[in-house]
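What follows is protein_15.txt (compact mmCIF, C-alpha atoms).
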```txt
# COMPACT_ATOMS: atom_id res chain seq x y z
CA MET A 542 -9.64 1.64 -65.41
CA ALA A 543 -10.83 2.66 -61.93
CA LEU A 544 -7.46 2.11 -60.24
CA ALA A 545 -5.56 4.06 -62.88
CA SER A 546 -8.01 6.95 -62.54
CA ALA A 547 -7.60 6.95 -58.77
CA PHE A 548 -3.78 7.03 -59.05
CA ASN A 549 -3.90 9.88 -61.56
CA ALA A 550 -6.23 11.86 -59.32
CA LEU A 551 -3.88 11.49 -56.35
CA LYS A 552 -0.51 11.96 -58.03
CA SER A 553 1.44 15.11 -57.30
CA SER A 554 3.67 14.99 -60.41
CA THR A 555 2.61 15.69 -63.99
CA LEU A 556 5.53 13.61 -65.29
CA ILE A 557 3.62 10.35 -64.97
CA SER A 558 0.23 9.02 -66.08
CA TRP A 559 -0.95 5.72 -64.62
CA LYS A 560 -2.55 3.45 -67.21
CA SER A 561 -3.88 -0.08 -67.25
CA THR A 562 -1.52 -2.78 -68.52
CA GLY A 563 -4.47 -4.95 -69.55
CA LYS A 564 -3.38 -7.51 -66.98
CA PHE A 565 -4.43 -8.45 -63.45
CA GLN A 566 -2.18 -8.19 -60.41
CA LYS A 567 -0.23 -11.35 -59.58
CA THR A 568 1.35 -13.02 -56.58
CA ILE A 569 3.37 -16.19 -56.14
CA ALA A 570 1.43 -19.45 -56.11
CA ASN A 571 3.33 -20.92 -53.13
CA CYS A 572 5.88 -19.92 -50.51
CA ILE A 573 9.55 -19.57 -51.49
CA GLN A 574 12.30 -20.12 -48.92
CA ARG A 575 16.00 -19.53 -49.47
CA THR A 576 18.98 -19.24 -47.10
CA GLY A 577 22.36 -17.76 -47.91
CA LYS A 578 25.23 -15.52 -46.87
CA ALA A 579 24.90 -11.73 -47.00
CA LEU A 580 27.46 -9.79 -49.04
CA HIS A 581 28.26 -6.94 -46.67
CA SER A 582 27.59 -8.33 -43.18
CA GLY A 583 28.74 -11.88 -43.96
CA LYS A 584 25.87 -13.25 -41.86
CA VAL A 585 23.58 -16.10 -42.91
CA THR A 586 20.04 -14.93 -43.67
CA THR A 587 16.81 -16.75 -44.42
CA VAL A 588 14.15 -15.28 -46.70
CA LYS A 589 10.61 -16.60 -46.99
CA ILE A 590 8.40 -15.04 -49.68
CA TRP A 591 4.68 -15.50 -49.10
CA PRO A 592 1.67 -14.91 -51.39
CA GLU A 593 -0.19 -11.69 -50.64
CA PHE A 594 -3.53 -10.05 -51.42
CA ALA A 595 -3.91 -7.80 -54.46
CA GLY A 596 -3.34 -4.16 -53.62
CA GLU A 597 -0.89 -4.90 -50.81
CA GLY A 598 2.24 -4.60 -52.96
CA ARG A 599 5.63 -5.91 -51.91
CA TYR A 600 6.91 -5.49 -48.37
CA PHE A 601 9.46 -6.90 -45.94
CA ASP A 602 8.56 -8.45 -42.59
CA PHE A 603 11.52 -8.13 -40.22
CA HIS A 604 10.92 -8.83 -36.50
CA SER A 605 7.20 -8.26 -37.28
CA LYS A 606 8.05 -4.74 -38.47
CA LEU A 607 6.51 -4.25 -41.92
CA ILE A 608 8.67 -2.20 -44.31
CA ARG A 609 7.21 -1.49 -47.74
CA ALA A 610 9.47 -1.86 -50.77
CA SER A 611 8.93 1.81 -51.49
CA ILE A 612 11.13 4.83 -52.13
CA ASP A 613 9.49 6.30 -49.00
CA PHE A 614 11.72 4.04 -46.89
CA ALA A 615 14.89 4.04 -49.02
CA GLU A 616 18.10 5.32 -47.43
CA GLU A 617 21.38 6.14 -49.14
CA THR A 618 24.04 3.59 -48.20
CA PRO A 619 27.30 2.58 -49.93
CA LEU A 620 27.12 -0.11 -52.61
CA CYS A 621 23.56 -1.30 -51.97
CA THR A 622 19.93 -0.24 -51.60
CA THR A 623 18.61 -0.11 -48.04
CA LEU A 624 15.11 0.17 -46.61
CA CYS A 625 14.62 1.53 -43.10
CA LYS A 626 11.63 2.06 -40.81
CA ASP A 627 11.58 2.85 -37.09
CA GLY A 628 15.18 1.76 -36.65
CA HIS A 629 14.76 -1.57 -38.45
CA VAL A 630 16.97 -1.91 -41.53
CA VAL A 631 16.86 -4.28 -44.51
CA ARG A 632 19.93 -4.01 -46.77
CA THR A 633 20.88 -5.14 -50.27
CA VAL A 634 17.30 -5.51 -51.48
CA GLU A 635 17.99 -4.63 -55.13
CA HIS A 636 18.57 -8.09 -56.65
CA LEU A 637 15.47 -9.63 -55.05
CA LEU A 638 13.29 -6.65 -55.95
CA SER A 639 14.66 -6.69 -59.50
CA ALA A 640 13.59 -10.32 -59.90
CA LEU A 641 10.16 -9.71 -58.37
CA GLU A 642 9.52 -6.68 -60.60
CA ALA A 643 10.71 -8.39 -63.79
CA THR A 644 8.82 -11.65 -63.20
CA GLY A 645 5.59 -9.85 -62.35
CA VAL A 646 5.27 -10.66 -58.63
CA ASP A 647 3.23 -7.57 -57.79
CA ASN A 648 2.21 -8.55 -54.27
CA CYS A 649 4.14 -10.55 -51.67
CA ARG A 650 5.28 -10.56 -48.06
CA ILE A 651 9.04 -11.04 -47.71
CA GLU A 652 9.81 -12.46 -44.29
CA ILE A 653 13.52 -12.09 -43.50
CA SER A 654 15.60 -13.12 -40.50
CA ASN A 655 19.08 -14.08 -39.34
CA SER A 656 20.38 -15.98 -36.33
CA ASP A 657 20.71 -12.87 -34.13
CA CYS A 658 17.27 -12.12 -32.71
CA GLU A 659 18.56 -8.83 -31.23
CA ASP A 660 19.90 -7.55 -34.55
CA ARG A 661 17.89 -4.61 -35.89
CA SER A 662 19.64 -4.83 -39.27
CA VAL A 663 19.38 -7.67 -41.77
CA GLU A 664 20.58 -8.25 -45.32
CA VAL A 665 19.17 -10.19 -48.26
CA PRO A 666 21.48 -13.09 -49.27
CA ILE A 667 23.77 -12.43 -52.21
CA PHE A 668 23.94 -16.01 -53.62
CA ASP A 669 26.09 -15.86 -56.79
CA GLY A 670 25.85 -12.05 -57.06
CA SER A 671 23.01 -12.06 -59.60
CA ALA A 672 19.22 -12.44 -59.55
CA LYS A 673 19.37 -15.94 -61.06
CA GLU A 674 18.53 -17.76 -57.82
CA TRP A 675 15.41 -15.63 -57.27
CA VAL A 676 14.16 -15.96 -60.85
CA GLU A 677 14.55 -19.74 -60.74
CA ALA A 678 12.75 -19.91 -57.39
CA ILE A 679 9.84 -17.84 -58.74
CA ASP A 680 9.66 -19.97 -61.88
CA GLN A 681 9.57 -23.10 -59.72
CA VAL A 682 6.48 -22.09 -57.71
CA GLY A 683 4.78 -20.06 -60.48
CA LEU A 684 2.40 -17.13 -60.27
CA LYS A 685 -1.33 -16.83 -59.71
CA THR A 686 -3.84 -14.01 -60.07
CA ALA A 687 -4.08 -12.16 -56.78
CA THR A 688 -7.40 -11.21 -55.23
CA ASP A 689 -7.99 -8.49 -52.68
CA ARG A 690 -9.36 -9.17 -49.19
CA GLY A 691 -12.88 -9.13 -50.60
CA GLY A 692 -12.06 -11.79 -53.20
CA ASN A 693 -11.95 -9.34 -56.13
CA ILE A 694 -9.32 -9.28 -58.84
CA CYS A 695 -7.50 -5.98 -59.41
CA GLU A 696 -6.14 -4.47 -62.59
CA LYS A 697 -2.41 -3.92 -62.83
CA ILE A 698 -1.44 -0.39 -63.75
CA ALA A 699 1.88 1.05 -64.88
CA PRO A 700 3.50 4.51 -64.83
CA PHE A 701 3.86 6.01 -68.31
CA LEU A 702 6.25 8.93 -68.73
CA ASN A 703 4.62 12.06 -70.18
CA GLU A 704 7.67 14.21 -70.88
CA PRO A 705 11.48 13.96 -70.82
CA VAL A 706 13.06 14.00 -67.36
CA HIS A 707 16.59 13.75 -66.02
CA VAL A 708 18.71 13.74 -62.89
CA TRP A 709 22.49 14.01 -62.70
CA LYS A 710 25.46 14.25 -60.38
CA ASN A 711 28.81 15.36 -61.79
CA ASP A 712 29.26 13.32 -65.00
CA SER A 713 26.68 10.67 -64.06
CA PHE A 714 23.10 10.95 -65.27
CA ILE A 715 19.76 9.29 -65.84
CA THR A 716 17.46 10.67 -68.49
CA ALA A 717 14.19 9.21 -69.73
CA PHE A 718 11.98 9.89 -72.71
CA PRO A 719 8.32 9.02 -73.37
CA SER A 720 7.96 5.70 -75.15
CA PRO A 721 5.10 3.25 -75.74
CA LYS A 722 7.34 0.43 -74.46
CA ILE A 723 10.15 0.02 -71.94
CA HIS A 724 13.64 0.46 -73.32
CA ILE A 725 16.77 0.61 -71.17
CA THR A 726 20.16 1.93 -72.29
CA TYR A 727 23.00 1.85 -69.77
CA GLY A 728 26.62 2.92 -69.91
CA ILE A 729 29.51 2.41 -67.50
CA ASN A 730 33.07 3.72 -67.68
CA PHE A 731 36.08 2.44 -65.74
CA PRO A 732 39.08 3.92 -67.58
CA GLN A 733 41.42 2.76 -64.78
CA VAL A 734 40.37 -0.86 -65.42
CA PRO A 735 41.11 -1.71 -69.08
CA ALA A 736 39.32 -5.08 -68.93
CA ILE A 737 36.06 -3.22 -68.19
CA GLY A 738 36.62 0.19 -69.80
CA CYS A 739 33.59 1.88 -71.35
CA GLN A 740 30.60 -0.37 -72.04
CA TRP A 741 27.07 0.26 -73.29
CA PHE A 742 24.11 -2.08 -73.21
CA SER A 743 20.71 -1.43 -74.74
CA SER A 744 17.46 -3.40 -74.80
CA ALA A 745 15.34 -3.23 -77.93
CA SER A 746 12.38 -4.06 -75.70
CA PHE A 747 11.87 -5.33 -72.18
CA ASP A 748 9.80 -8.26 -70.94
CA TYR A 749 10.18 -11.27 -68.65
CA SER A 750 11.81 -13.46 -71.30
CA PHE A 751 14.42 -10.80 -72.09
CA TYR A 752 15.17 -10.27 -68.40
CA ALA A 753 15.47 -14.00 -67.64
CA LYS A 754 17.81 -14.68 -70.57
CA GLN A 755 19.83 -11.47 -70.82
CA ILE A 756 19.89 -9.78 -67.40
CA ALA A 757 19.07 -12.03 -64.43
CA SER A 758 22.30 -14.07 -64.42
CA SER A 759 24.63 -11.04 -64.61
CA ARG A 760 26.74 -10.90 -61.45
CA THR A 761 27.88 -8.01 -59.32
CA PHE A 762 31.48 -6.97 -59.88
CA CYS A 763 34.25 -5.25 -57.99
CA ILE A 764 37.74 -3.87 -58.54
CA TYR A 765 40.37 -6.01 -56.81
CA GLU A 766 42.49 -3.00 -55.76
CA GLU A 767 39.46 -1.53 -53.92
CA VAL A 768 38.63 -4.65 -51.88
CA GLU A 769 40.80 -3.80 -48.87
CA ARG A 770 39.40 -0.27 -48.65
CA MET A 771 35.83 -1.59 -48.76
CA ARG A 772 36.51 -4.19 -46.07
CA ASN A 773 38.12 -1.55 -43.86
CA ALA A 774 34.87 0.41 -44.26
CA GLY A 775 32.91 -2.57 -42.91
CA LEU A 776 31.63 -3.66 -46.33
CA ILE A 777 31.77 -6.92 -48.34
CA LYS A 778 32.58 -9.08 -45.29
CA GLY A 779 30.81 -11.93 -47.08
CA GLY A 780 32.31 -11.19 -50.48
CA SER A 781 34.24 -13.83 -52.43
CA VAL A 782 34.90 -15.03 -55.95
CA GLU A 783 31.80 -17.21 -55.49
CA ASN A 784 29.44 -14.22 -55.34
CA ALA A 785 31.11 -11.58 -57.51
CA ILE A 786 33.29 -11.23 -60.57
CA VAL A 787 36.56 -9.55 -59.61
CA CYS A 788 38.67 -7.45 -61.95
CA SER A 789 42.21 -6.15 -61.40
CA THR A 790 43.45 -2.92 -62.93
CA SER A 791 46.62 -4.71 -64.14
CA ARG A 792 45.69 -8.41 -64.40
CA GLY A 793 42.16 -8.27 -65.76
CA TRP A 794 39.45 -10.68 -64.65
CA LEU A 795 40.60 -12.90 -61.79
CA ASN A 796 37.73 -15.42 -61.88
CA PRO A 797 36.65 -15.89 -65.50
CA PRO A 798 34.78 -16.76 -67.57
CA LEU A 799 32.22 -13.98 -67.78
CA ARG A 800 28.63 -15.00 -68.56
CA PHE A 801 28.42 -12.13 -71.06
CA GLN A 802 31.16 -10.01 -72.59
CA ASP A 803 29.45 -6.94 -71.09
CA GLU A 804 28.34 -8.63 -67.85
CA PRO A 805 29.23 -5.64 -65.62
CA CYS A 806 27.02 -3.35 -67.68
CA ARG A 807 24.15 -5.84 -67.69
CA HIS A 808 24.40 -6.14 -63.92
CA LYS A 809 23.92 -2.39 -63.63
CA VAL A 810 20.67 -2.82 -65.59
CA LEU A 811 19.66 -5.49 -63.08
CA ASP A 812 20.33 -3.04 -60.23
CA LEU A 813 18.43 -0.27 -62.00
CA ILE A 814 15.30 -2.40 -62.35
CA GLY A 815 15.44 -3.31 -58.67
CA ASP A 816 15.85 0.30 -57.60
CA LEU A 817 13.13 1.63 -59.91
CA SER A 818 10.76 -1.04 -58.56
CA LEU A 819 10.57 1.21 -55.47
CA PHE A 820 8.23 3.42 -57.52
CA ALA A 821 5.53 0.71 -57.29
CA ARG A 822 2.39 1.36 -55.26
CA CYS A 823 -0.40 -1.00 -54.15
CA GLY A 824 0.56 -3.79 -56.54
CA SER A 825 1.29 -1.55 -59.51
CA GLN A 826 4.27 -1.84 -61.83
CA GLY A 827 7.24 0.16 -60.57
CA LEU A 828 9.40 0.30 -63.70
CA PRO A 829 8.31 3.33 -65.76
CA VAL A 830 7.20 2.79 -69.35
CA ALA A 831 9.82 4.97 -71.03
CA HIS A 832 13.20 4.88 -72.74
CA ILE A 833 15.57 5.18 -69.80
CA VAL A 834 19.17 6.14 -70.54
CA THR A 835 21.72 5.92 -67.72
CA TYR A 836 25.43 6.67 -67.64
CA LYS A 837 27.64 5.82 -64.65
CA GLY A 838 24.60 5.30 -62.46
CA SER A 839 24.56 4.30 -58.79
CA HIS A 840 21.96 3.19 -56.28
CA ALA A 841 21.81 6.75 -54.98
CA LEU A 842 21.27 8.19 -58.47
CA HIS A 843 18.62 5.55 -59.26
CA SER A 844 16.76 6.56 -56.09
CA SER A 845 17.05 10.24 -56.99
CA PHE A 846 15.40 9.46 -60.32
CA VAL A 847 12.45 7.78 -58.59
CA ARG A 848 12.06 10.79 -56.31
CA ARG A 849 12.18 13.06 -59.36
CA LEU A 850 9.32 11.10 -60.93
CA LEU A 851 7.35 11.65 -57.72
CA GLY A 852 8.09 15.38 -57.86
CA ILE A 853 10.08 15.23 -54.62
CA ASN A 854 13.30 16.69 -56.03
```
What's the structure tokens form of this structure?
Amino acid sequence: MALASAFNALKSSTLISWKSTGKFQKTIANCIQRTGKALHSGKVTTVKIWPEFAGEGRYFDFHSKLIRASIDFAEETPLCTTLCKDGHVVRTVEHLLSALEATGVDNCRIEISNSDCEDRSVEVPIFDGSAKEWVEAIDQVGLKTATDRGGNICEKIAPFLNEPVHVWKNDSFITAFPSPKIHITYGINFPQVPAIGCQWFSSASFDYSFYAKQIASSRTFCIYEEVERMRNAGLIKGGSVENAIVCSTSRGWLNPPLRFQDEPCRHKVLDLIGDLSLFARCGSQGLPVAHIVTYKGSHALHSSFVRRLLGIN
């Protein structure tokens, strides 16, 4: 319980208590390498995920600049989660971080690069628009107990919510309630797109098996009538029907079938887990142990919730 006690002594917010999960910190057993096209830039990117010592957490290595997967380095950008440090930028990290958090990869170095050595911005590949590729890659190499630089194993701790908390913007909100287990309830509402409309998804409980079967394969989605506007804004240059499900306001889904009837809503849960993973510290769990209820969330609102848990806003 030493690590949990240390976290509780240092924390600035009374909303959270750090407690032992009864498990040890993990890392991947072998290196993972994947190459693919980025959604927004359209460039081809290579990601290598390396095992790391316990206590180091998850971080990106871009041009030898180390950027921790932490809310401390998160910047608000349209349609994705971005990490930035000293002018070096890593975009669209949410699907990869979601998979790492859900599968229990607590510590790893994520080396990322593209063909332009002068580029100070890079983006994680989108693959099919879900986290399926990452989960399968992690399953393929497996996990192992991580040891620190002295060869010691470290307990894995998790943030438990002590009291209700909420953040909101206009009619969008995230609220969370104390709970002995993780529950996630998420709602979306697209009244202008009848094929999507209002959807709610709720997990009775949350663990790796649930994530792998019910969440990981849910793909990102977009509204067909908004594609031109997004491309004019310099976004989704690599977007296609191969890496997103596309819905028209008048014609419905343009590239069926859906993997789940409520696939758009499930994908928002996937994004939420990736964004809340930025709460992790030193190999801890990032996803708070609580019942988290979100309506019309966004990457920006997810990040605001993490900052609220830290007592920043």
Next on the checklist: For a cutoff of 6 Å around the file-coordinate point (-0.4, -3.7, -51.0), which residues qualify once you count only C-alpha atoms? I'd like the result as an MDAnalysis selection string.
Outcome noted: chainID A and resid 596:598 823:824
Edge lengths and centre in Å to one decimal, as AutoDock Vina command-line options, is what I'm after for the box along x, y and z that holds all listed atoms of segment 717-724 of chain A once 5 Å is added on each side.
```
--center_x 9.6 --center_y 5.0 --center_z -72.7 --size_x 19.1 --size_y 19.9 --size_z 16.0
```
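Among the candidates A:Ala579, A:Ala717, A:Val787, A:Cys739, the residue lying nearest to Lys837 of chain A is A:Cys739 (atoms considered: only C-alpha atoms).
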Next on the checklist: I want to know what sits within 10 Å of His724 of chain A, based on all atoms listed in the file, with residues of the same chain fewer than 4 positions away left out; could you give that as a PyMOL selection string?
Outcome noted: chain A and resi 717-718+720+743-748+829-834
Checklist entry - Contacts of Gly838 of chain A at 9 Å or less, counting all atoms listed in the file, minus same-chain residues fewer than 5 places along, as number ranges by chain? => result A: 709, 713-715, 727-729, 809, 813, 843
Create the file for the chosen residues now, containing C-alpha atoms and written as a PDB file, keeping the file's coordinate frame.
```pdb
ATOM      1  CA  TRP A 709      22.490  14.010 -62.700  1.00  0.00           C
ATOM      2  CA  SER A 713      26.680  10.670 -64.060  1.00  0.00           C
ATOM      3  CA  PHE A 714      23.100  10.950 -65.270  1.00  0.00           C
ATOM      4  CA  ILE A 715      19.760   9.290 -65.840  1.00  0.00           C
ATOM      5  CA  TYR A 727      23.000   1.850 -69.770  1.00  0.00           C
ATOM      6  CA  GLY A 728      26.620   2.920 -69.910  1.00  0.00           C
ATOM      7  CA  ILE A 729      29.510   2.410 -67.500  1.00  0.00           C
ATOM      8  CA  LYS A 809      23.920  -2.390 -63.630  1.00  0.00           C
ATOM      9  CA  LEU A 813      18.430  -0.270 -62.000  1.00  0.00           C
ATOM     10  CA  HIS A 843      18.620   5.550 -59.260  1.00  0.00           C
TER      11      HIS A 843
END
```
Next on the checklist: Using all atoms listed in the file, can you tell me which of A:Glu635, A:Asp660, A:Glu674, A:Glu696 comes closest to Ser611 of chain A?
Outcome noted: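 That would be A:Glu635, the residue with the smallest distance to Ser611 of chain A.
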Item to check | Distance in Å - atom CA of Ile777 of chain A versus atom CA of Val646 of chain A | outcome: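 That distance, rounded to one decimal, is 28.7 Å.
Interatomic distance, atom CA of Thr618 of chain A to atom CA of Lys578 of chain A: 19.2 Å.
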Item to check | Polymer residues at most 9 Å from Ala753 of chain A, all atoms listed in the file, same-chain spacing of 4 or more positions, as a list of chain:residue names | outcome: A:Ala640, A:Ala643, A:Thr644, A:Lys673, A:Val676, A:Asp748, A:Tyr749, A:Ala757, A:Ser758
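The two atoms in question, atom CA of Ile764 of chain A and atom CA of Asp669 of chain A, are spaced 16.8 Å apart.
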Item to check | Expected residue set, 12 Å radius at (8.5, -5.0, -37.0), all atoms listed in the file, as a VMD selection string | outcome: chain A and resid 600 to 609 625 to 631 652 to 654 660 to 662
Item to check | Residue among A:Ala595, A:Val734, A:Ala610, A:Ala615 lying closest to Thr686 of chain A, counting only C-alpha atoms | outcome: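 Closest candidate: A:Ala595.
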Compile a residue-level contact table for segment 785-820 of chain A against segment 849-853 of chain A at a cut-off of 12 Å, reporting for every qualifying residue the shortest atom pair and its distance in Å to one decimal, with all atoms listed in the file counted, rows ordered by chain and ascending number, as a tab-separated table.
```
residue	atom	partner	partner_atom	distance
A:Leu817	CA	A:Leu850	CA	10.3
A:Leu819	CA	A:Leu851	CA	11.2
A:Phe820	CA	A:Leu851	CA	8.3
```
Item to check | Near-Thr716 of chain A list (8 Å; all atoms listed in the file; drop same-chain fewer than 4 positions) as a list in words | outcome: Pro705, Val706, His707, Val708, Ile833, Val834 and Thr835 of chain A
Checklist entry - Excluding same-chain residues fewer than 6 positions from segment 588-593 of chain A, what lies within 9 Å of it counting only C-alpha atoms, as a ChimeraX atom specification? => result /A:567-577,599,647-655,665-666,687-689
Item to check | Selected residue of minimal separation from Leu842 of chain A among A:Ser656, A:Ser671, A:Ser561, A:Thr622, counting only C-alpha atoms | outcome: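 Result for the nearest residue to Leu842 of chain A: A:Thr622.
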Checklist outcome for this item: In terms of all atoms listed in the file, the residue from A:Pro700, A:Ser582, A:Lys710, A:Gly645 at minimal distance from Lys722 of chain A is A:Pro700
